[in-house]
file work16.cif (mmCIF, C-alpha atoms)
data_coords
#
loop_
_atom_site.group_PDB
_atom_site.id
_atom_site.type_symbol
_atom_site.label_atom_id
_atom_site.label_comp_id
_atom_site.auth_asym_id
_atom_site.auth_seq_id
_atom_site.Cartn_x
_atom_site.Cartn_y
_atom_site.Cartn_z
ATOM 1 C CA MET F 57 -2.688 -12.680 -4.496
ATOM 2 C CA THR F 58 1.049 -12.696 -4.147
ATOM 3 C CA THR F 59 4.259 -10.969 -5.190
ATOM 4 C CA LEU F 60 6.405 -12.546 -7.897
ATOM 5 C CA LEU F 61 10.192 -12.564 -7.551
ATOM 6 C CA TYR F 62 12.144 -12.974 -10.788
ATOM 7 C CA SER F 63 15.819 -13.780 -11.067
ATOM 8 C CA HIS F 64 18.115 -16.173 -12.950
ATOM 9 C CA PRO F 65 21.567 -17.657 -12.244
ATOM 10 C CA VAL F 66 22.966 -16.256 -15.490
ATOM 11 C CA CYS F 67 22.355 -12.738 -14.170
ATOM 12 C CA GLN F 68 25.133 -13.500 -11.678
ATOM 13 C CA GLN F 69 27.469 -14.500 -14.524
ATOM 14 C CA HIS F 70 27.369 -11.079 -16.195
ATOM 15 C CA ASP F 71 30.757 -9.727 -15.095
ATOM 16 C CA MET F 72 32.279 -6.365 -16.028
ATOM 17 C CA GLY F 73 35.651 -7.086 -14.439
ATOM 18 C CA ALA F 74 37.446 -7.175 -11.099
ATOM 19 C CA TYR F 75 36.544 -4.442 -8.617
ATOM 20 C CA HIS F 76 33.637 -3.153 -10.734
ATOM 21 C CA PRO F 77 30.894 -1.836 -8.395
ATOM 22 C CA GLU F 78 28.108 -3.388 -10.486
ATOM 23 C CA CYS F 79 29.240 -6.879 -9.546
ATOM 24 C CA PRO F 80 27.618 -10.334 -9.272
ATOM 25 C CA ASP F 81 27.826 -10.136 -5.469
ATOM 26 C CA ARG F 82 25.075 -7.519 -5.560
ATOM 27 C CA LEU F 83 22.565 -10.073 -6.731
ATOM 28 C CA ARG F 84 23.874 -12.768 -4.416
ATOM 29 C CA ALA F 85 23.429 -10.469 -1.406
ATOM 30 C CA ILE F 86 19.849 -9.678 -2.418
ATOM 31 C CA LEU F 87 18.856 -13.289 -2.965
ATOM 32 C CA VAL F 88 20.347 -14.370 0.370
ATOM 33 C CA ALA F 89 18.357 -11.639 2.123
ATOM 34 C CA LEU F 90 15.157 -12.732 0.375
ATOM 35 C CA GLU F 91 15.607 -16.280 1.698
ATOM 36 C CA GLU F 92 14.618 -15.087 5.187
ATOM 37 C CA ASP F 93 11.376 -16.493 6.644
ATOM 38 C CA ALA F 94 9.599 -13.173 6.112
ATOM 39 C CA PHE F 95 9.747 -13.798 2.363
ATOM 40 C CA ASP F 96 8.422 -17.364 2.323
ATOM 41 C CA ALA F 97 5.225 -16.192 0.569
ATOM 42 C CA LEU F 98 7.094 -14.871 -2.460
ATOM 43 C CA GLU F 99 6.406 -16.761 -5.664
ATOM 44 C CA ARG F 100 9.816 -17.330 -7.223
ATOM 45 C CA ARG F 101 10.376 -17.716 -10.959
ATOM 46 C CA GLU F 102 13.355 -17.857 -13.252
ATOM 47 C CA ALA F 103 13.335 -14.847 -15.536
ATOM 48 C CA PRO F 104 12.569 -16.063 -19.065
ATOM 49 C CA LEU F 105 14.444 -14.989 -22.162
ATOM 50 C CA ALA F 106 13.063 -11.960 -23.949
ATOM 51 C CA ASP F 107 12.597 -12.145 -27.697
ATOM 52 C CA PRO F 108 15.394 -9.912 -29.083
ATOM 53 C CA VAL F 109 12.785 -8.323 -31.370
ATOM 54 C CA TRP F 110 11.187 -6.769 -28.270
ATOM 55 C CA LEU F 111 14.358 -4.761 -27.716
ATOM 56 C CA GLU F 112 13.820 -2.980 -31.032
ATOM 57 C CA ARG F 113 10.672 -1.354 -29.651
ATOM 58 C CA ASN F 114 13.020 0.943 -27.722
ATOM 59 C CA HIS F 115 16.468 0.441 -29.279
ATOM 60 C CA ALA F 116 17.773 0.886 -32.810
ATOM 61 C CA ALA F 117 17.948 -2.449 -34.609
ATOM 62 C CA GLY F 118 21.574 -1.867 -35.577
ATOM 63 C CA TYR F 119 22.512 -1.255 -31.950
ATOM 64 C CA VAL F 120 20.816 -4.474 -30.793
ATOM 65 C CA GLU F 121 22.613 -6.435 -33.508
ATOM 66 C CA ALA F 122 25.958 -4.869 -32.632
ATOM 67 C CA ILE F 123 25.640 -5.759 -28.949
ATOM 68 C CA PHE F 124 25.111 -9.454 -29.698
ATOM 69 C CA GLU F 125 27.627 -9.595 -32.545
ATOM 70 C CA ASN F 126 30.334 -8.195 -30.255
ATOM 71 C CA MET F 127 29.643 -10.425 -27.257
ATOM 72 C CA PRO F 128 33.039 -11.888 -26.239
ATOM 73 C CA SER F 129 33.753 -15.610 -26.023
ATOM 74 C CA SER F 130 36.147 -14.903 -23.155
ATOM 75 C CA GLY F 131 37.242 -11.919 -21.128
ATOM 76 C CA THR F 132 35.417 -8.629 -21.487
ATOM 77 C CA VAL F 133 34.594 -6.116 -24.200
ATOM 78 C CA GLN F 134 34.466 -2.478 -23.098
ATOM 79 C CA LEU F 135 31.488 -0.467 -24.402
ATOM 80 C CA ASP F 136 32.192 2.773 -22.570
ATOM 81 C CA PRO F 137 34.505 3.700 -19.673
ATOM 82 C CA ASP F 138 32.035 2.221 -17.158
ATOM 83 C CA THR F 139 30.262 -0.539 -19.093
ATOM 84 C CA ALA F 140 31.548 -3.882 -20.362
ATOM 85 C CA MET F 141 30.268 -7.266 -21.542
ATOM 86 C CA SER F 142 31.430 -10.777 -20.646
ATOM 87 C CA PRO F 143 30.431 -14.057 -22.377
ATOM 88 C CA GLN F 144 27.152 -14.404 -20.431
ATOM 89 C CA SER F 145 26.136 -10.743 -20.629
ATOM 90 C CA GLY F 146 23.872 -11.216 -23.648
ATOM 91 C CA GLU F 147 21.771 -13.917 -22.035
ATOM 92 C CA ALA F 148 21.704 -12.000 -18.746
ATOM 93 C CA ALA F 149 20.421 -8.893 -20.546
ATOM 94 C CA LEU F 150 17.704 -10.897 -22.284
ATOM 95 C CA ARG F 151 16.693 -12.453 -18.947
ATOM 96 C CA ALA F 152 16.570 -9.003 -17.330
ATOM 97 C CA VAL F 153 14.179 -7.733 -19.992
ATOM 98 C CA GLY F 154 12.306 -11.031 -20.062
ATOM 99 C CA GLY F 155 11.644 -10.937 -16.327
ATOM 100 C CA LEU F 156 10.041 -7.518 -16.575
ATOM 101 C CA CYS F 157 7.943 -8.466 -19.577
ATOM 102 C CA ASP F 158 6.712 -11.677 -17.955
ATOM 103 C CA GLY F 159 5.966 -9.668 -14.830
ATOM 104 C CA VAL F 160 3.878 -7.326 -16.974
ATOM 105 C CA ASP F 161 1.991 -10.346 -18.358
ATOM 106 C CA GLN F 162 1.275 -11.722 -14.904
ATOM 107 C CA VAL F 163 0.271 -8.422 -13.317
ATOM 108 C CA ILE F 164 -1.948 -7.299 -16.181
ATOM 109 C CA GLY F 165 -3.470 -10.766 -16.326
ATOM 110 C CA GLY F 166 -4.471 -10.395 -12.679
ATOM 111 C CA LYS F 167 -2.549 -13.510 -11.637
ATOM 112 C CA VAL F 168 -0.352 -11.716 -9.073
ATOM 113 C CA SER F 169 -0.466 -8.432 -7.194
ATOM 114 C CA ASN F 170 2.928 -7.155 -8.313
ATOM 115 C CA ALA F 171 6.448 -8.287 -9.171
ATOM 116 C CA PHE F 172 10.076 -7.518 -8.335
ATOM 117 C CA CYS F 173 12.842 -8.402 -10.790
ATOM 118 C CA ALA F 174 16.160 -9.147 -9.066
ATOM 119 C CA VAL F 175 18.104 -9.053 -12.318
ATOM 120 C CA ARG F 176 21.153 -7.452 -13.846
ATOM 121 C CA PRO F 177 22.474 -5.715 -15.865
ATOM 122 C CA PRO F 178 20.442 -2.656 -14.880
ATOM 123 C CA GLY F 179 18.921 -0.472 -17.562
ATOM 124 C CA HIS F 180 17.859 3.108 -16.950
ATOM 125 C CA HIS F 181 20.972 4.766 -18.446
ATOM 126 C CA ALA F 182 20.854 2.832 -21.736
ATOM 127 C CA GLU F 183 19.980 5.048 -24.685
ATOM 128 C CA SER F 184 18.401 3.961 -27.956
ATOM 129 C CA SER F 185 21.821 3.381 -29.544
ATOM 130 C CA GLN F 186 24.270 3.608 -26.661
ATOM 131 C CA ALA F 187 25.260 1.499 -23.678
ATOM 132 C CA MET F 188 26.301 3.550 -20.684
ATOM 133 C CA GLY F 189 26.324 3.684 -16.904
ATOM 134 C CA PHE F 190 26.556 -0.128 -16.445
ATOM 135 C CA CYS F 191 23.461 -0.593 -18.703
ATOM 136 C CA LEU F 192 23.110 -2.458 -22.023
ATOM 137 C CA PHE F 193 19.362 -2.220 -22.698
ATOM 138 C CA ASN F 194 16.741 -0.066 -21.037
ATOM 139 C CA ASN F 195 14.717 -2.729 -19.257
ATOM 140 C CA VAL F 196 11.810 -0.539 -18.089
ATOM 141 C CA ALA F 197 11.492 1.303 -21.398
ATOM 142 C CA VAL F 198 11.330 -1.991 -23.297
ATOM 143 C CA ALA F 199 8.754 -3.317 -20.797
ATOM 144 C CA ALA F 200 6.626 -0.194 -21.272
ATOM 145 C CA GLN F 201 6.545 -0.711 -25.029
ATOM 146 C CA TYR F 202 5.887 -4.422 -24.505
ATOM 147 C CA ALA F 203 2.836 -3.583 -22.382
ATOM 148 C CA ARG F 204 1.555 -1.413 -25.193
ATOM 149 C CA ALA F 205 2.204 -3.884 -28.004
ATOM 150 C CA GLU F 206 1.095 -7.059 -26.225
ATOM 151 C CA HIS F 207 -1.655 -5.774 -23.923
ATOM 152 C CA GLY F 208 -2.997 -2.669 -25.632
ATOM 153 C CA LEU F 209 -2.176 -0.305 -22.778
ATOM 154 C CA GLU F 210 -1.514 3.340 -23.572
ATOM 155 C CA ARG F 211 -0.627 5.270 -20.417
ATOM 156 C CA ILE F 212 2.405 3.837 -18.660
ATOM 157 C CA ALA F 213 4.481 5.417 -15.903
ATOM 158 C CA VAL F 214 8.002 4.806 -14.646
ATOM 159 C CA VAL F 215 9.085 6.164 -11.268
ATOM 160 C CA ASP F 216 12.828 6.035 -10.634
ATOM 161 C CA PHE F 217 14.268 6.500 -7.140
ATOM 162 C CA ASP F 218 17.827 5.517 -8.079
ATOM 163 C CA VAL F 219 20.301 8.190 -6.947
ATOM 164 C CA HIS F 220 21.333 8.722 -10.579
ATOM 165 C CA HIS F 221 19.028 10.246 -13.180
ATOM 166 C CA GLY F 222 17.710 7.730 -15.715
ATOM 167 C CA ASN F 223 18.709 9.623 -18.830
ATOM 168 C CA GLY F 224 17.849 6.738 -21.141
ATOM 169 C CA THR F 225 14.315 6.382 -19.819
ATOM 170 C CA GLN F 226 13.672 10.118 -19.974
ATOM 171 C CA HIS F 227 14.861 10.295 -23.577
ATOM 172 C CA ALA F 228 12.678 7.307 -24.512
ATOM 173 C CA PHE F 229 9.577 8.902 -22.950
ATOM 174 C CA GLU F 230 9.860 12.671 -23.266
ATOM 175 C CA ALA F 231 8.256 13.040 -26.725
ATOM 176 C CA ASP F 232 5.265 10.766 -25.970
ATOM 177 C CA ALA F 233 2.475 12.325 -23.907
ATOM 178 C CA ASN F 234 1.198 8.889 -22.878
ATOM 179 C CA LEU F 235 4.486 7.876 -21.246
ATOM 180 C CA PHE F 236 5.366 9.371 -17.848
ATOM 181 C CA TYR F 237 8.788 9.411 -16.193
ATOM 182 C CA ALA F 238 9.538 10.762 -12.726
ATOM 183 C CA SER F 239 12.956 10.700 -11.084
ATOM 184 C CA SER F 240 14.380 11.767 -7.749
ATOM 185 C CA HIS F 241 18.146 12.006 -8.049
ATOM 186 C CA GLN F 242 21.256 13.671 -6.718
ATOM 187 C CA SER F 243 22.745 16.599 -8.568
ATOM 188 C CA PRO F 244 25.567 17.194 -9.256
ATOM 189 C CA CYS F 245 26.101 13.520 -10.012
ATOM 190 C CA TYR F 246 26.452 11.122 -12.943
ATOM 191 C CA PRO F 247 25.204 11.373 -15.702
ATOM 192 C CA GLY F 248 24.608 15.126 -15.352
ATOM 193 C CA THR F 249 21.100 15.098 -16.822
ATOM 194 C CA GLY F 250 17.658 15.545 -15.278
ATOM 195 C CA ARG F 251 17.091 19.247 -14.731
ATOM 196 C CA GLU F 252 13.762 20.194 -13.155
ATOM 197 C CA SER F 253 13.069 22.403 -16.191
ATOM 198 C CA GLU F 254 12.942 19.274 -18.387
ATOM 199 C CA THR F 255 9.210 18.520 -18.500
ATOM 200 C CA GLY F 256 8.634 16.608 -21.724
ATOM 201 C CA VAL F 257 6.127 17.225 -24.467
ATOM 202 C CA ALA F 258 3.124 17.281 -22.084
ATOM 203 C CA ASN F 259 4.538 17.725 -18.569
ATOM 204 C CA ASN F 260 5.107 13.978 -18.658
ATOM 205 C CA ILE F 261 8.668 14.265 -17.315
ATOM 206 C CA VAL F 262 9.135 15.144 -13.638
ATOM 207 C CA ASN F 263 12.626 15.583 -12.190
ATOM 208 C CA GLN F 264 13.264 16.300 -8.528
ATOM 209 C CA ILE F 265 16.840 17.182 -7.620
ATOM 210 C CA LEU F 266 18.386 16.417 -4.239
ATOM 211 C CA ALA F 267 21.663 17.994 -3.172
ATOM 212 C CA PRO F 268 24.572 15.938 -1.819
ATOM 213 C CA GLY F 269 24.089 15.329 1.888
ATOM 214 C CA GLU F 270 20.307 15.561 1.822
ATOM 215 C CA GLY F 271 18.300 12.765 3.378
ATOM 216 C CA SER F 272 14.830 11.594 4.329
ATOM 217 C CA VAL F 273 13.005 14.899 4.753
ATOM 218 C CA PRO F 274 13.754 16.465 1.337
ATOM 219 C CA PHE F 275 13.397 13.066 -0.354
ATOM 220 C CA ARG F 276 9.928 12.520 1.093
ATOM 221 C CA LYS F 277 8.880 16.116 0.367
ATOM 222 C CA ALA F 278 9.887 15.650 -3.279
ATOM 223 C CA TYR F 279 7.453 12.758 -3.513
ATOM 224 C CA GLU F 280 4.656 14.188 -1.375
ATOM 225 C CA ASN F 281 4.680 17.630 -2.978
ATOM 226 C CA VAL F 282 5.552 16.882 -6.604
ATOM 227 C CA ILE F 283 6.070 13.326 -7.860
ATOM 228 C CA LEU F 284 3.063 11.587 -6.305
ATOM 229 C CA PRO F 285 0.562 14.339 -7.243
ATOM 230 C CA GLU F 286 1.863 14.379 -10.820
ATOM 231 C CA LEU F 287 1.690 10.595 -11.011
ATOM 232 C CA GLU F 288 -1.916 10.674 -9.751
ATOM 233 C CA LYS F 289 -2.751 13.342 -12.327
ATOM 234 C CA PHE F 290 -1.267 11.214 -15.117
ATOM 235 C CA LYS F 291 -3.465 8.213 -14.153
ATOM 236 C CA PRO F 292 -1.268 5.386 -15.458
ATOM 237 C CA GLU F 293 -2.634 2.019 -16.493
ATOM 238 C CA LEU F 294 0.612 0.383 -15.309
ATOM 239 C CA LEU F 295 3.376 1.546 -12.976
ATOM 240 C CA LEU F 296 6.960 0.388 -13.475
ATOM 241 C CA ILE F 297 9.552 1.167 -10.790
ATOM 242 C CA SER F 298 13.253 1.674 -11.441
ATOM 243 C CA ALA F 299 14.304 0.590 -7.964
ATOM 244 C CA GLY F 300 17.823 1.809 -7.345
ATOM 245 C CA PHE F 301 19.084 1.769 -3.768
ATOM 246 C CA ASP F 302 22.246 3.845 -4.181
ATOM 247 C CA ALA F 303 20.697 6.868 -2.456
ATOM 248 C CA HIS F 304 21.374 4.970 0.776
ATOM 249 C CA ASP F 305 23.597 6.671 3.327
ATOM 250 C CA ARG F 306 26.228 3.912 3.070
ATOM 251 C CA ASP F 307 26.458 3.775 -0.722
ATOM 252 C CA PRO F 308 29.963 4.530 -2.057
ATOM 253 C CA LEU F 309 28.949 6.089 -5.411
ATOM 254 C CA ALA F 310 26.823 9.027 -4.215
ATOM 255 C CA GLN F 311 26.228 11.260 -1.232
ATOM 256 C CA LEU F 312 22.561 11.141 -0.283
ATOM 257 C CA CYS F 313 21.610 9.988 3.200
ATOM 258 C CA LEU F 314 18.536 7.770 2.852
ATOM 259 C CA GLN F 315 17.870 4.876 5.223
ATOM 260 C CA ASP F 316 16.191 1.502 4.722
ATOM 261 C CA ASP F 317 12.849 2.898 5.886
ATOM 262 C CA ASP F 318 12.862 5.578 3.198
ATOM 263 C CA PHE F 319 12.704 2.865 0.559
ATOM 264 C CA ALA F 320 9.847 1.163 2.422
ATOM 265 C CA TRP F 321 8.054 4.514 2.671
ATOM 266 C CA VAL F 322 8.358 5.443 -1.019
ATOM 267 C CA THR F 323 7.226 1.937 -1.986
ATOM 268 C CA ARG F 324 4.075 2.308 0.150
ATOM 269 C CA GLN F 325 3.304 5.668 -1.434
ATOM 270 C CA LEU F 326 3.722 4.344 -4.969
ATOM 271 C CA LEU F 327 1.560 1.322 -4.230
ATOM 272 C CA GLY F 328 -1.113 3.669 -2.918
ATOM 273 C CA VAL F 329 -1.205 5.606 -6.176
ATOM 274 C CA ALA F 330 -1.209 2.366 -8.180
ATOM 275 C CA ASP F 331 -4.198 1.148 -6.160
ATOM 276 C CA GLN F 332 -6.070 4.339 -7.033
ATOM 277 C CA CYS F 333 -5.120 4.525 -10.695
ATOM 278 C CA CYS F 334 -4.320 1.119 -12.162
ATOM 279 C CA GLU F 335 -5.705 -1.680 -10.001
ATOM 280 C CA GLY F 336 -2.382 -1.963 -8.168
ATOM 281 C CA ARG F 337 -0.474 -3.014 -11.290
ATOM 282 C CA VAL F 338 3.208 -2.605 -10.362
ATOM 283 C CA VAL F 339 6.375 -4.212 -11.723
ATOM 284 C CA SER F 340 9.631 -3.159 -10.067
ATOM 285 C CA THR F 341 13.169 -3.873 -11.201
ATOM 286 C CA LEU F 342 16.615 -3.521 -9.687
ATOM 287 C CA GLU F 343 18.774 -0.633 -10.827
ATOM 288 C CA GLY F 344 21.676 0.606 -8.638
ATOM 289 C CA GLY F 345 22.902 0.063 -5.079
ATOM 290 C CA TYR F 346 26.549 -0.754 -4.364
ATOM 291 C CA ASP F 347 27.045 -1.270 -0.631
ATOM 292 C CA LEU F 348 26.116 -4.928 -0.284
ATOM 293 C CA ASP F 349 24.609 -4.790 3.214
ATOM 294 C CA ALA F 350 22.705 -1.564 2.544
ATOM 295 C CA LEU F 351 21.479 -2.990 -0.752
ATOM 296 C CA ALA F 352 20.241 -6.235 0.811
ATOM 297 C CA ASN F 353 18.454 -4.393 3.618
ATOM 298 C CA SER F 354 16.902 -1.814 1.307
ATOM 299 C CA VAL F 355 15.650 -4.417 -1.158
ATOM 300 C CA SER F 356 14.176 -6.356 1.771
ATOM 301 C CA ALA F 357 12.306 -3.220 2.853
ATOM 302 C CA HIS F 358 11.070 -2.624 -0.708
ATOM 303 C CA VAL F 359 9.958 -6.202 -1.343
ATOM 304 C CA GLY F 360 8.352 -6.422 2.093
ATOM 305 C CA GLU F 361 6.095 -3.506 1.176
ATOM 306 C CA LEU F 362 5.294 -5.045 -2.216
ATOM 307 C CA MET F 363 4.169 -8.191 -0.407
ATOM 308 C CA ARG F 364 1.933 -6.150 1.914
ATOM 309 C CA GLY F 365 0.588 -4.177 -1.024
#

call {"tool": "encode", "arguments": {"input": "work16.cif", "output": "structure tokens"}}
result
Amino acid sequence: MTTLLYSHPVCQQHDMGAYHPECPDRLRAILVALEEDAFDALERREAPLADPVWLERNHAAGYVEAIFENMPSSGTVQLDPDTAMSPQSGEAALRAVGGLCDGVDQVIGGKVSNAFCAVRPPGHHAESSQAMGFCLFNNVAVAAQYARAEHGLERIAVVDFDVHHGNGTQHAFEADANLFYASSHQSPCYPGTGRESETGVANNIVNQILAPGEGSVPFRKAYENVILPELEKFKPELLLISAGFDAHDRDPLAQLCLQDDDFAWVTRQLLGVADQCCEGRVVSTLEGGYDLDALANSVSAHVGELMRG
């Protein structure tokens, strides 16, 4: 079987303004890199539109309505100091969620090995009723609830190697023993959440903090010694990956020192656990990563391992 690649042109039309780091060029750089011969075997699909009702499985109905009611016809609307919407942001957000949910359908249906969603806006900072950190809706949290509602799964895991803690995902999962969230992230760093003492209702939250300047060795130890064993113990039926690449040494928004191969390595380890626990069912989605060359190279390393998985 193969790896599915989801994207959509409208995801490049979501624009939060000049000089914003979460820019359309991020997606363009990724898609150019994935046109290399090494990725010829990818099955490429346009991300479909999610049903807006699916969003309400993780977000307050009034919040979902407010986002779409306030979508601008021109220019931008600011939602918080870091997060804005442009005229195409609503469709882009629905395509981002829709890509993950269709990936869940395909992976659970046994039609593909795994999937990567090259979509934006990202999602892991979005709270139930609050946009923040460049995120409108929490794509992985919605996909987890979709897998439950549409496929009858119970135990779903998200592993997040973005340099920033996914506060929105943790808050969506922490009170449900059958949802697991693990994050490796820099601290101190935005958004200031994700203490290692935060363990959820049933040790279903696992946070591993990395200090500014740390690199491959502490990152890999965090996975080998803590995150991977806890993920194995949880025994998920589906693994979702919040694939942020802003822990890279060249990223301008944080100070970790990971290299391309670290993202290949962590992908191999996660695929290994998925093979043991959930028949290799993995759907990964783009979160952060703001140096265009580092982002393109890191995504190539990640997707290359998905294809070998």

call {"tool": "atom_distance", "arguments": {"input": "work16.cif", "atom1": "CA of Tyr279 in chain F", "atom2": "CA of Ala299 in chain F"}}
result
14.7 Å

call {"tool": "residues_around", "arguments": {"input": "work16.cif", "residues": "Ala267 in chain F", "least_positions_apart": "3", "cutoff": "10 Å", "atoms": "all atoms listed in the file", "output": "PyMOL selection string"}}
result
chain F and resi 241-245+270-271+274+311-312

call {"tool": "write_last_selection", "arguments": {"input": "work16.cif", "atoms": "C-alpha atoms", "output": "mmCIF file, keeping the file's coordinate frame"}}
result
data_model
loop_
_atom_site.group_PDB
_atom_site.id
_atom_site.type_symbol
_atom_site.label_atom_id
_atom_site.label_comp_id
_atom_site.auth_asym_id
_atom_site.auth_seq_id
_atom_site.Cartn_x
_atom_site.Cartn_y
_atom_site.Cartn_z
ATOM 1 C CA HIS F 241 18.146 12.006 -8.049
ATOM 2 C CA GLN F 242 21.256 13.671 -6.718
ATOM 3 C CA SER F 243 22.745 16.599 -8.568
ATOM 4 C CA PRO F 244 25.567 17.194 -9.256
ATOM 5 C CA CYS F 245 26.101 13.520 -10.012
ATOM 6 C CA GLU F 270 20.307 15.561 1.822
ATOM 7 C CA GLY F 271 18.300 12.765 3.378
ATOM 8 C CA PRO F 274 13.754 16.465 1.337
ATOM 9 C CA GLN F 311 26.228 11.260 -1.232
ATOM 10 C CA LEU F 312 22.561 11.141 -0.283
#

call {"tool": "atom_distance", "arguments": {"input": "work16.cif", "atom1": "CA of Asp161 in chain F", "atom2": "CA of Asp81 in chain F"}}
result
28.9 Å

call {"tool": "closest_residue", "arguments": {"input": "work16.cif", "among": "F:Ala140, F:Val338, F:Leu296, F:Ala303", "to": "Gln162 in chain F", "atoms": "only C-alpha atoms"}}
result
F:Val338

call {"tool": "residues_near_point", "arguments": {"input": "work16.cif", "point": "(-3.0, -0.6, -19.6)", "cutoff": "10 Å", "atoms": "all atoms listed in the file", "output": "list in words"}}
result
Val160, Ile164, Ala200, Ala203, Arg204, His207, Gly208, Leu209, Glu210, Arg211, Ile212, Pro292, Glu293, Leu294, Leu295, Cys334 and Arg337 of chain F

call {"tool": "resolve_selection", "arguments": {"input": "work16.cif", "expression": "the PyMOL selection byres ((chain F and resi 170-185) around 7)", "output": "ChimeraX atom specification"}}
result
/F:59-63,67,83,114-116,119,148-149,152,155-156,159,163,168-169,186-195,222-225,337-343,362

call {"tool": "resolve_selection", "arguments": {"input": "work16.cif", "expression": "the PyMOL selection byres ((chain F and resi 249) around 7)", "output": "list in words"}}
result
His221, Asn223, Pro247, Gly248, Gly250 and Arg251 of chain F

call {"tool": "resolve_selection", "arguments": {"input": "work16.cif", "expression": "the PyMOL selection byres ((chain F and resi 129) around 6)", "output": "list in words"}}
result
Pro128, Ser130 and Pro143 of chain F

call {"tool": "write_last_selection", "arguments": {"input": "work16.cif", "atoms": "C-alpha atoms", "output": "short mmCIF file (atom, residue, chain, number, x, y, z; two decimals), in the coordinates of the input"}}
result
data_model
loop_
_atom_site.label_atom_id
_atom_site.label_comp_id
_atom_site.auth_asym_id
_atom_site.auth_seq_id
_atom_site.Cartn_x
_atom_site.Cartn_y
_atom_site.Cartn_z
CA PRO F 128 33.04 -11.89 -26.24
CA SER F 130 36.15 -14.90 -23.16
CA PRO F 143 30.43 -14.06 -22.38
#

call {"tool": "closest_residue", "arguments": {"input": "work16.cif", "among": "F:Gln332, F:Ser272, F:Gln201, F:Thr323", "to": "Arg364 in chain F", "atoms": "only C-alpha atoms"}}
result
F:Thr323

call {"tool": "closest_residue", "arguments": {"input": "work16.cif", "among": "F:Gly166, F:Pro108, F:Pro80, F:Gly336", "to": "Gly365 in chain F", "atoms": "all atoms listed in the file"}}
result
F:Gly336

call {"tool": "closest_residue", "arguments": {"input": "work16.cif", "among": "F:Ala213, F:Ile265, F:Val219, F:Ala320", "to": "Leu287 in chain F", "atoms": "all atoms listed in the file"}}
result
F:Ala213

call {"tool": "closest_residue", "arguments": {"input": "work16.cif", "among": "F:Met363, F:Val88, F:Ala122, F:Val257", "to": "Thr58 in chain F", "atoms": "all atoms listed in the file"}}
result
F:Met363
